[in-house]
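**Q** I am sharing my_file.txt, which consists of compact mmCIF, C-alpha atoms and all ligand atoms:
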# COMPACT_ATOMS: atom_id res chain seq x y z
CA MET A 1 -9.63 83.10 16.36
CA ILE A 2 -9.09 82.55 12.66
CA ASP A 3 -6.86 80.52 10.36
CA TYR A 4 -6.81 82.40 7.07
CA HIS A 5 -4.04 80.77 5.06
CA LEU A 6 -4.23 77.02 4.46
CA HIS A 7 -4.31 74.49 1.68
CA VAL A 8 -6.81 71.61 1.33
CA VAL A 9 -5.71 70.49 -2.14
CA ALA A 10 -2.18 71.46 -1.02
CA HIS A 11 0.24 70.25 -3.72
CA ALA A 12 -2.37 68.09 -5.45
CA ASP A 13 -2.27 65.83 -2.36
CA ARG A 14 -6.05 65.40 -2.27
CA PRO A 15 -9.13 66.63 -4.14
CA MET A 16 -11.28 69.44 -2.75
CA THR A 17 -14.23 67.32 -1.66
CA VAL A 18 -16.77 68.16 1.04
CA ASP A 19 -15.27 65.38 3.21
CA ASN A 20 -11.74 66.73 2.85
CA ILE A 21 -12.87 70.25 3.73
CA MET A 22 -14.81 68.87 6.71
CA ALA A 23 -11.66 67.15 7.97
CA TYR A 24 -9.95 70.58 8.16
CA LEU A 25 -13.05 72.09 9.77
CA ASP A 26 -13.05 69.33 12.42
CA THR A 27 -9.59 70.44 13.55
CA ALA A 28 -10.64 74.10 13.32
CA ARG A 29 -13.57 73.39 15.66
CA GLU A 30 -11.42 71.38 18.10
CA ARG A 31 -8.95 74.26 18.27
CA GLY A 32 -11.63 76.88 18.83
CA LEU A 33 -11.53 78.73 15.50
CA ARG A 34 -14.41 81.02 14.52
CA GLN A 35 -13.36 81.31 10.87
CA MET A 36 -11.23 79.28 8.49
CA GLY A 37 -10.10 80.47 5.05
CA ILE A 38 -9.05 78.08 2.27
CA THR A 39 -6.31 79.62 0.11
CA GLU A 40 -4.97 77.18 -2.46
CA HIS A 41 -1.84 77.99 -4.43
CA ASP A 42 -2.68 79.73 -7.70
CA ARG A 43 -1.26 76.86 -9.76
CA TYR A 44 -3.99 74.60 -8.34
CA LEU A 45 -6.80 77.01 -9.17
CA ASP A 46 -8.44 74.39 -11.40
CA ASP A 47 -8.65 72.03 -8.40
CA VAL A 48 -10.75 74.48 -6.39
CA ASP A 49 -14.24 72.96 -6.35
CA LEU A 50 -16.58 75.86 -5.68
CA ALA A 51 -19.64 73.60 -5.31
CA ALA A 52 -17.88 71.49 -2.66
CA PHE A 53 -16.72 74.64 -0.90
CA GLN A 54 -20.25 76.05 -0.81
CA GLU A 55 -21.73 72.78 0.41
CA ALA A 56 -19.17 72.55 3.21
CA ARG A 57 -19.82 76.18 4.14
CA GLU A 58 -23.53 75.50 4.53
CA LYS A 59 -22.99 72.24 6.38
CA CYS A 60 -20.63 73.70 8.96
CA GLN A 61 -22.47 76.26 11.08
CA ASP A 62 -20.02 76.69 13.96
CA VAL A 63 -16.87 77.53 11.98
CA GLU A 64 -17.41 80.08 9.22
CA LEU A 65 -15.69 79.17 5.99
CA ARG A 66 -14.01 81.71 3.73
CA LEU A 67 -12.53 81.37 0.26
CA GLY A 68 -9.25 82.94 -0.74
CA ILE A 69 -6.35 82.13 -3.03
CA GLU A 70 -2.58 82.43 -2.61
CA ILE A 71 -1.04 84.11 -5.62
CA ASP A 72 2.68 83.70 -6.27
CA PHE A 73 3.76 87.30 -6.86
CA ILE A 74 5.89 87.42 -10.00
CA PRO A 75 6.70 90.85 -11.46
CA GLY A 76 5.85 90.79 -15.16
CA ASN A 77 3.12 88.21 -14.65
CA GLU A 78 0.38 90.78 -14.00
CA GLU A 79 -2.07 89.50 -16.60
CA GLU A 80 -2.04 85.97 -15.18
CA MET A 81 -2.20 87.25 -11.59
CA ASP A 82 -5.25 89.32 -12.49
CA ARG A 83 -6.90 86.37 -14.19
CA VAL A 84 -6.47 84.19 -11.09
CA ALA A 85 -7.47 87.00 -8.72
CA THR A 86 -10.83 87.41 -10.42
CA ALA A 87 -11.54 83.77 -11.37
CA LEU A 88 -13.71 82.93 -8.33
CA PRO A 89 -15.87 84.81 -5.80
CA TYR A 90 -13.09 85.08 -3.21
CA ASP A 91 -13.43 86.71 0.18
CA TYR A 92 -9.79 87.83 -0.07
CA VAL A 93 -6.65 87.31 -2.09
CA ILE A 94 -3.20 86.64 -0.61
CA GLY A 95 -0.11 87.80 -2.50
CA SER A 96 3.03 85.92 -1.50
CA VAL A 97 6.61 86.36 -2.60
CA HIS A 98 8.27 82.97 -3.09
CA ARG A 99 10.83 83.99 -5.73
CA VAL A 100 13.88 86.08 -6.47
CA GLY A 101 14.78 86.50 -10.13
CA GLY A 102 12.08 83.96 -10.98
CA GLU A 103 13.57 81.24 -8.77
CA GLU A 104 11.89 79.82 -5.69
CA VAL A 105 13.58 80.52 -2.36
CA ASP A 106 11.65 78.00 -0.25
CA ARG A 107 12.29 74.74 -2.10
CA ALA A 108 14.41 72.47 0.11
CA THR A 109 15.20 70.23 -2.87
CA ASP A 110 16.62 73.09 -4.96
CA LEU A 111 18.67 75.70 -3.13
CA SER A 112 20.46 76.97 -6.24
CA VAL A 113 19.19 80.53 -5.79
CA TYR A 114 21.28 80.67 -2.59
CA GLU A 115 24.43 80.01 -4.63
CA LYS A 116 23.65 82.74 -7.15
CA TYR A 117 23.31 85.67 -4.75
CA GLU A 118 25.20 86.92 -1.73
CA PRO A 119 22.86 86.65 1.26
CA TYR A 120 22.50 90.44 1.64
CA GLU A 121 21.84 90.83 -2.09
CA LEU A 122 19.26 88.07 -1.90
CA TYR A 123 17.51 89.77 1.02
CA GLU A 124 17.49 93.11 -0.81
CA ALA A 125 15.97 91.51 -3.91
CA TYR A 126 13.46 89.53 -1.88
CA TYR A 127 12.18 92.54 0.04
CA GLU A 128 12.08 94.64 -3.12
CA ASN A 129 9.57 92.10 -4.42
CA VAL A 130 7.66 92.20 -1.13
CA ARG A 131 7.33 95.98 -1.42
CA LYS A 132 6.18 95.63 -5.03
CA ALA A 133 3.61 92.99 -4.05
CA ALA A 134 2.22 95.17 -1.25
CA LEU A 135 2.10 98.31 -3.34
CA SER A 136 0.63 96.54 -6.40
CA GLY A 137 -2.84 96.95 -4.91
CA ARG A 138 -3.78 93.46 -6.08
CA PHE A 139 -3.97 91.74 -2.72
CA GLU A 140 -5.79 92.06 0.59
CA VAL A 141 -3.13 90.05 2.44
CA LEU A 142 0.65 89.80 2.20
CA GLY A 143 1.62 86.14 2.73
CA HIS A 144 4.46 85.13 5.13
CA PRO A 145 6.28 88.50 4.76
CA ASP A 146 9.81 87.28 5.63
CA LEU A 147 9.83 83.82 4.02
CA ILE A 148 13.40 84.43 2.83
CA LYS A 149 14.69 83.49 6.31
CA ILE A 150 13.33 79.92 5.89
CA PHE A 151 16.74 78.17 5.64
CA LYS A 152 18.53 80.53 8.04
CA ARG A 153 20.88 81.80 5.35
CA TYR A 154 21.19 85.14 7.12
CA PRO A 155 23.31 88.04 5.83
CA ASP A 156 26.17 89.22 8.07
CA LYS A 157 25.07 92.82 7.63
CA ASP A 158 22.19 94.25 9.67
CA ILE A 159 18.97 94.07 7.63
CA THR A 160 17.02 96.48 9.85
CA PRO A 161 17.02 99.27 7.20
CA ILE A 162 15.58 96.85 4.61
CA LEU A 163 12.85 95.79 7.03
CA GLU A 164 12.05 99.41 7.97
CA GLU A 165 11.72 100.38 4.31
CA THR A 166 9.51 97.35 3.70
CA ALA A 167 7.35 98.06 6.76
CA ASP A 168 6.85 101.60 5.44
CA ALA A 169 5.68 100.25 2.07
CA ILE A 170 3.35 97.73 3.74
CA ALA A 171 1.80 100.46 5.91
CA GLU A 172 1.43 102.79 2.94
CA SER A 173 -0.24 100.08 0.85
CA GLY A 174 -2.96 99.28 3.40
CA ILE A 175 -2.33 95.54 2.99
CA VAL A 176 -2.86 93.13 5.92
CA ALA A 177 0.16 91.09 7.07
CA ASP A 178 -0.08 87.30 7.38
CA VAL A 179 1.30 86.13 10.74
CA ASN A 180 2.04 82.63 9.56
CA ALA A 181 3.11 79.88 11.95
CA ALA A 182 4.47 77.57 9.22
CA GLY A 183 7.97 78.90 9.88
CA LEU A 184 7.91 76.99 13.16
CA ARG A 185 7.86 73.76 11.14
CA LYS A 186 10.79 74.87 8.92
CA PRO A 187 14.55 75.09 9.59
CA VAL A 188 14.19 78.71 10.78
CA GLY A 189 11.90 77.55 13.61
CA GLU A 190 10.08 80.85 14.05
CA VAL A 191 6.87 82.56 12.98
CA TYR A 192 6.76 84.68 9.80
CA PRO A 193 7.28 87.60 10.37
CA SER A 194 9.95 87.70 13.08
CA ARG A 195 9.18 89.54 16.32
CA HIS A 196 11.52 92.36 15.21
CA PHE A 197 9.64 92.83 11.91
CA LEU A 198 6.22 92.38 13.54
CA GLU A 199 7.03 95.17 16.01
CA MET A 200 7.81 97.47 13.08
CA LEU A 201 4.46 96.57 11.51
CA HIS A 202 2.60 97.10 14.77
CA ARG A 203 4.18 100.55 15.27
CA ARG A 204 2.76 101.47 11.86
CA ASP A 205 -0.73 100.09 12.68
CA VAL A 206 -0.53 97.37 10.03
CA PRO A 207 -3.41 94.90 10.62
CA ILE A 208 -2.74 91.16 10.75
CA ILE A 209 -4.37 87.84 10.08
CA LEU A 210 -3.28 84.61 11.78
CA SER A 211 -2.55 81.44 9.86
CA SER A 212 -0.94 78.01 9.96
CA ASP A 213 -0.35 77.53 6.21
CA ALA A 214 -1.63 74.00 6.88
CA HIS A 215 -1.15 71.48 4.08
CA ALA A 216 -2.92 68.70 6.05
CA PRO A 217 -5.98 68.62 8.37
CA ASN A 218 -3.94 68.15 11.57
CA GLU A 219 -1.96 71.31 10.80
CA VAL A 220 -4.94 73.67 11.11
CA ALA A 221 -4.02 76.31 13.73
CA ALA A 222 -0.71 74.51 14.30
CA GLY A 223 1.82 76.71 16.08
CA TYR A 224 -0.82 79.03 17.55
CA ASN A 225 0.51 78.30 21.04
CA THR A 226 3.54 80.33 19.87
CA SER A 227 2.07 82.83 17.37
CA VAL A 228 -0.92 83.98 19.44
CA PRO A 229 1.14 84.93 22.54
CA LEU A 230 3.67 86.58 20.18
CA VAL A 231 1.17 88.91 18.51
CA HIS A 232 -0.45 89.66 21.87
CA ASP A 233 2.90 90.50 23.41
CA VAL A 234 3.75 92.81 20.52
CA GLY A 235 0.49 94.66 21.21
CA TYR A 236 -2.11 93.28 18.80
CA ARG A 237 -5.62 92.90 20.20
CA GLU A 238 -7.54 92.04 17.03
CA VAL A 239 -7.23 90.24 13.72
CA ALA A 240 -8.57 91.29 10.34
CA THR A 241 -11.30 89.23 8.69
CA PHE A 242 -12.68 89.33 5.17
CA GLU A 243 -15.98 88.67 3.45
CA ASN A 244 -16.51 89.47 -0.24
CA ARG A 245 -13.22 91.37 -0.15
CA GLU A 246 -14.50 93.68 2.60
CA ARG A 247 -12.39 93.91 5.73
CA GLY A 248 -13.76 93.36 9.23
CA SER A 249 -12.16 92.37 12.51
CA LEU A 250 -12.39 89.95 15.43
CA PRO A 251 -10.89 90.36 18.90
CA LEU A 252 -7.85 88.20 19.55
ZN ZN A 301 3.38 80.62 0.33
ZN ZN A 302 0.57 78.83 1.57
The structure in this file should be written as structure tokens.
Ligand SMILES: [Zn+2]
Ligand SMILES: [Zn+2]

**A**
Amino acid sequence: MIDYHLHVVAHADRPMTVDNIMAYLDTARERGLRQMGITEHDRYLDDVDLAAFQEAREKCQDVELRLGIEIDFIPGNEEEMDRVATALPYDYVIGSVHRVGGEEVDRATDLSVYEKYEPYELYEAYYENVRKAALSGRFEVLGHPDLIKIFKRYPDKDITPILEETADAIAESGIVADVNAAGLRKPVGEVYPSRHFLEMLHRRDVPIILSSDAHAPNEVAAGYNTSVPLVHDVGYREVATFENRERGSLPL
């Protein structure tokens, strides 16, 4: 098992020291992980301590450590995204859509974007960005593909055609989908992506990673008691892995 999307520095909550990384690895070991990937948000790139990462990787033999980064996909910001994506010797790069029209959709303290758009319009714009992120060719992994459901502001209209179009783009792009259990800790109370969306991805042979999006050591592999049976039930039998931006796999 792997946890390939998590934050040690988180939102500048703690420095990336060997001890802090080891605290995450302790939980990873307890919960039976084979690999753990640290993927800080791009805005905390300067807090990524490569020397501490490498020391922790050598120190911890039983859980293999990987280095990634989570890039906030913003159309028009290509130069900065490319700078971040090549700044460190990553094993993989996650591209995540957090914004519509430049505004964040997952900030509980500022829901103004939900006042500016009709829900269906918001979903259309969100998934347009998801398709762009996937097809941009910049990322190995597409982060939490249906984050827009976070506050349960669902459109009345059926969004199946939007999801089908997006699943087609994801399959065409060759990107790996992040099955991210953080949604279980949010108002929506379900894994990203939904079972409905995940089934569309599986039908198109889109590979997956598993993640918790942990922002604290005790959140490593959190929610796996729900997400692992879900992906298994949908038909997945393996997860993608990465080393030096080369894809491999592990059985589920
Ligand atoms: Zn994210
Ligand atoms: Zn994240």

**Q** Counting all atoms listed in the file, name the residues that have an atom within 7 Å of an atom of ligand ZN 302 (chain A); the answer should be given as a list in words.

**A**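 Checking all atoms listed in the file against ligand ZN 302 (chain A) at 7 Å gives His5, Leu6, His7, His41, Glu70 and Asp213 of chain A.
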
**Q** Please, what distance in Å, to one decimal, runs between CA of Val231 in chain A and CA of His196 in chain A?

**A**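 Distance between the two atoms: 11.4 Å.
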
**Q** Check which residues fall inside 10 Å of ligand ZN 301 (chain A) when counting all atoms listed in the file, and print them as a PDB file with C-alpha atoms, in the frame of the given file.

**A**
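Output file selection-v4.pdb follows:
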ATOM      1  CA  HIS A   5      -4.040  80.770   5.060  1.00  0.00           C
ATOM      2  CA  LEU A   6      -4.230  77.020   4.460  1.00  0.00           C
ATOM      3  CA  HIS A   7      -4.310  74.490   1.680  1.00  0.00           C
ATOM      4  CA  THR A  39      -6.310  79.620   0.110  1.00  0.00           C
ATOM      5  CA  GLU A  40      -4.970  77.180  -2.460  1.00  0.00           C
ATOM      6  CA  HIS A  41      -1.840  77.990  -4.430  1.00  0.00           C
ATOM      7  CA  GLU A  70      -2.580  82.430  -2.610  1.00  0.00           C
ATOM      8  CA  ILE A  71      -1.040  84.110  -5.620  1.00  0.00           C
ATOM      9  CA  ASP A  72       2.680  83.700  -6.270  1.00  0.00           C
ATOM     10  CA  PHE A  73       3.760  87.300  -6.860  1.00  0.00           C
ATOM     11  CA  ILE A  94      -3.200  86.640  -0.610  1.00  0.00           C
ATOM     12  CA  GLY A  95      -0.110  87.800  -2.500  1.00  0.00           C
ATOM     13  CA  SER A  96       3.030  85.920  -1.500  1.00  0.00           C
ATOM     14  CA  VAL A  97       6.610  86.360  -2.600  1.00  0.00           C
ATOM     15  CA  HIS A  98       8.270  82.970  -3.090  1.00  0.00           C
ATOM     16  CA  ASP A 106      11.650  78.000  -0.250  1.00  0.00           C
ATOM     17  CA  LEU A 142       0.650  89.800   2.200  1.00  0.00           C
ATOM     18  CA  GLY A 143       1.620  86.140   2.730  1.00  0.00           C
ATOM     19  CA  HIS A 144       4.460  85.130   5.130  1.00  0.00           C
ATOM     20  CA  PRO A 145       6.280  88.500   4.760  1.00  0.00           C
ATOM     21  CA  LEU A 147       9.830  83.820   4.020  1.00  0.00           C
ATOM     22  CA  ASN A 180       2.040  82.630   9.560  1.00  0.00           C
ATOM     23  CA  ALA A 182       4.470  77.570   9.220  1.00  0.00           C
ATOM     24  CA  ASP A 213      -0.350  77.530   6.210  1.00  0.00           C
TER      25      ASP A 213
END

**Q** Box time for range 133-143 of chain A: axis-aligned, enclosing all its listed atoms, 4 Å extra on each side; report centre and edge lengths in Å to one decimal, as lines of an AutoDock Vina configuration file.

**A**
center_x = -1.1
center_y = 92.2
center_z = -1.8
size_x = 17.4
size_y = 20.2
size_z = 17.1

**Q** Out of A:Val179, A:Ala56, A:Ile38, A:Ala87, which residue has the shortest atom-to-atom distance to Asp19 in chain A when counting only C-alpha atoms?

**A**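 Once distances to Asp19 in chain A are computed over only C-alpha atoms, the minimum belongs to A:Ala56.
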
**Q** Using all atoms listed in the file, pick whichever of A:Ile74, A:Leu111, A:Val141, A:Met16 has the shortest atom-to-atom distance to Ile209 in chain A.

**A**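 Smallest separation from Ile209 in chain A among the options: A:Val141.
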
**Q** Quick one: pull the distance between CA of Arg31 in chain A and CA of Val176 in chain A, Å, one decimal.

**A**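 Separation between CA of Arg31 in chain A and CA of Val176 in chain A: 23.4 Å.
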
**Q** Which residue gives the smallest distance to Ala167 in chain A among A:Tyr114, A:Phe197, A:Tyr123, A:Tyr92, with only C-alpha atoms counted?

**A**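 Closest to Ala167 in chain A of all the choices is A:Phe197.
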
**Q** Using all atoms listed in the file, which protein or nucleic acid residues come within 12 Å of Ala51 in chain A? Drop anything in the same chain fewer than 5 positions from it, and give the result as a list in words.

**A**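 So the residues in contact are Met16, Thr17, Val18, Ile21, Ala56, Arg57, Glu58, Leu67, Leu88 and Pro89 of chain A.
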
**Q** From the list A:Glu103, A:Phe139, A:Glu219, A:Pro119, which residue is nearest Tyr154 in chain A when using all atoms listed in the file?

**A**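 Closest residue, counting all atoms listed in the file: A:Pro119.
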
**Q** Can you work out which one of A:Tyr126, A:Tyr90, A:Tyr4, A:Tyr117 has the shortest atom-to-atom distance to Gln35 in chain A, counting only C-alpha atoms?

**A**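 Under the stated criterion, the closest residue is A:Tyr4.
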
**Q** In Å, with one decimal, what is the gap from CA of Ala177 in chain A to CA of Glu165 in chain A?

**A**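 Atom-to-atom, CA of Ala177 in chain A and CA of Glu165 in chain A are spaced 15.1 Å apart.
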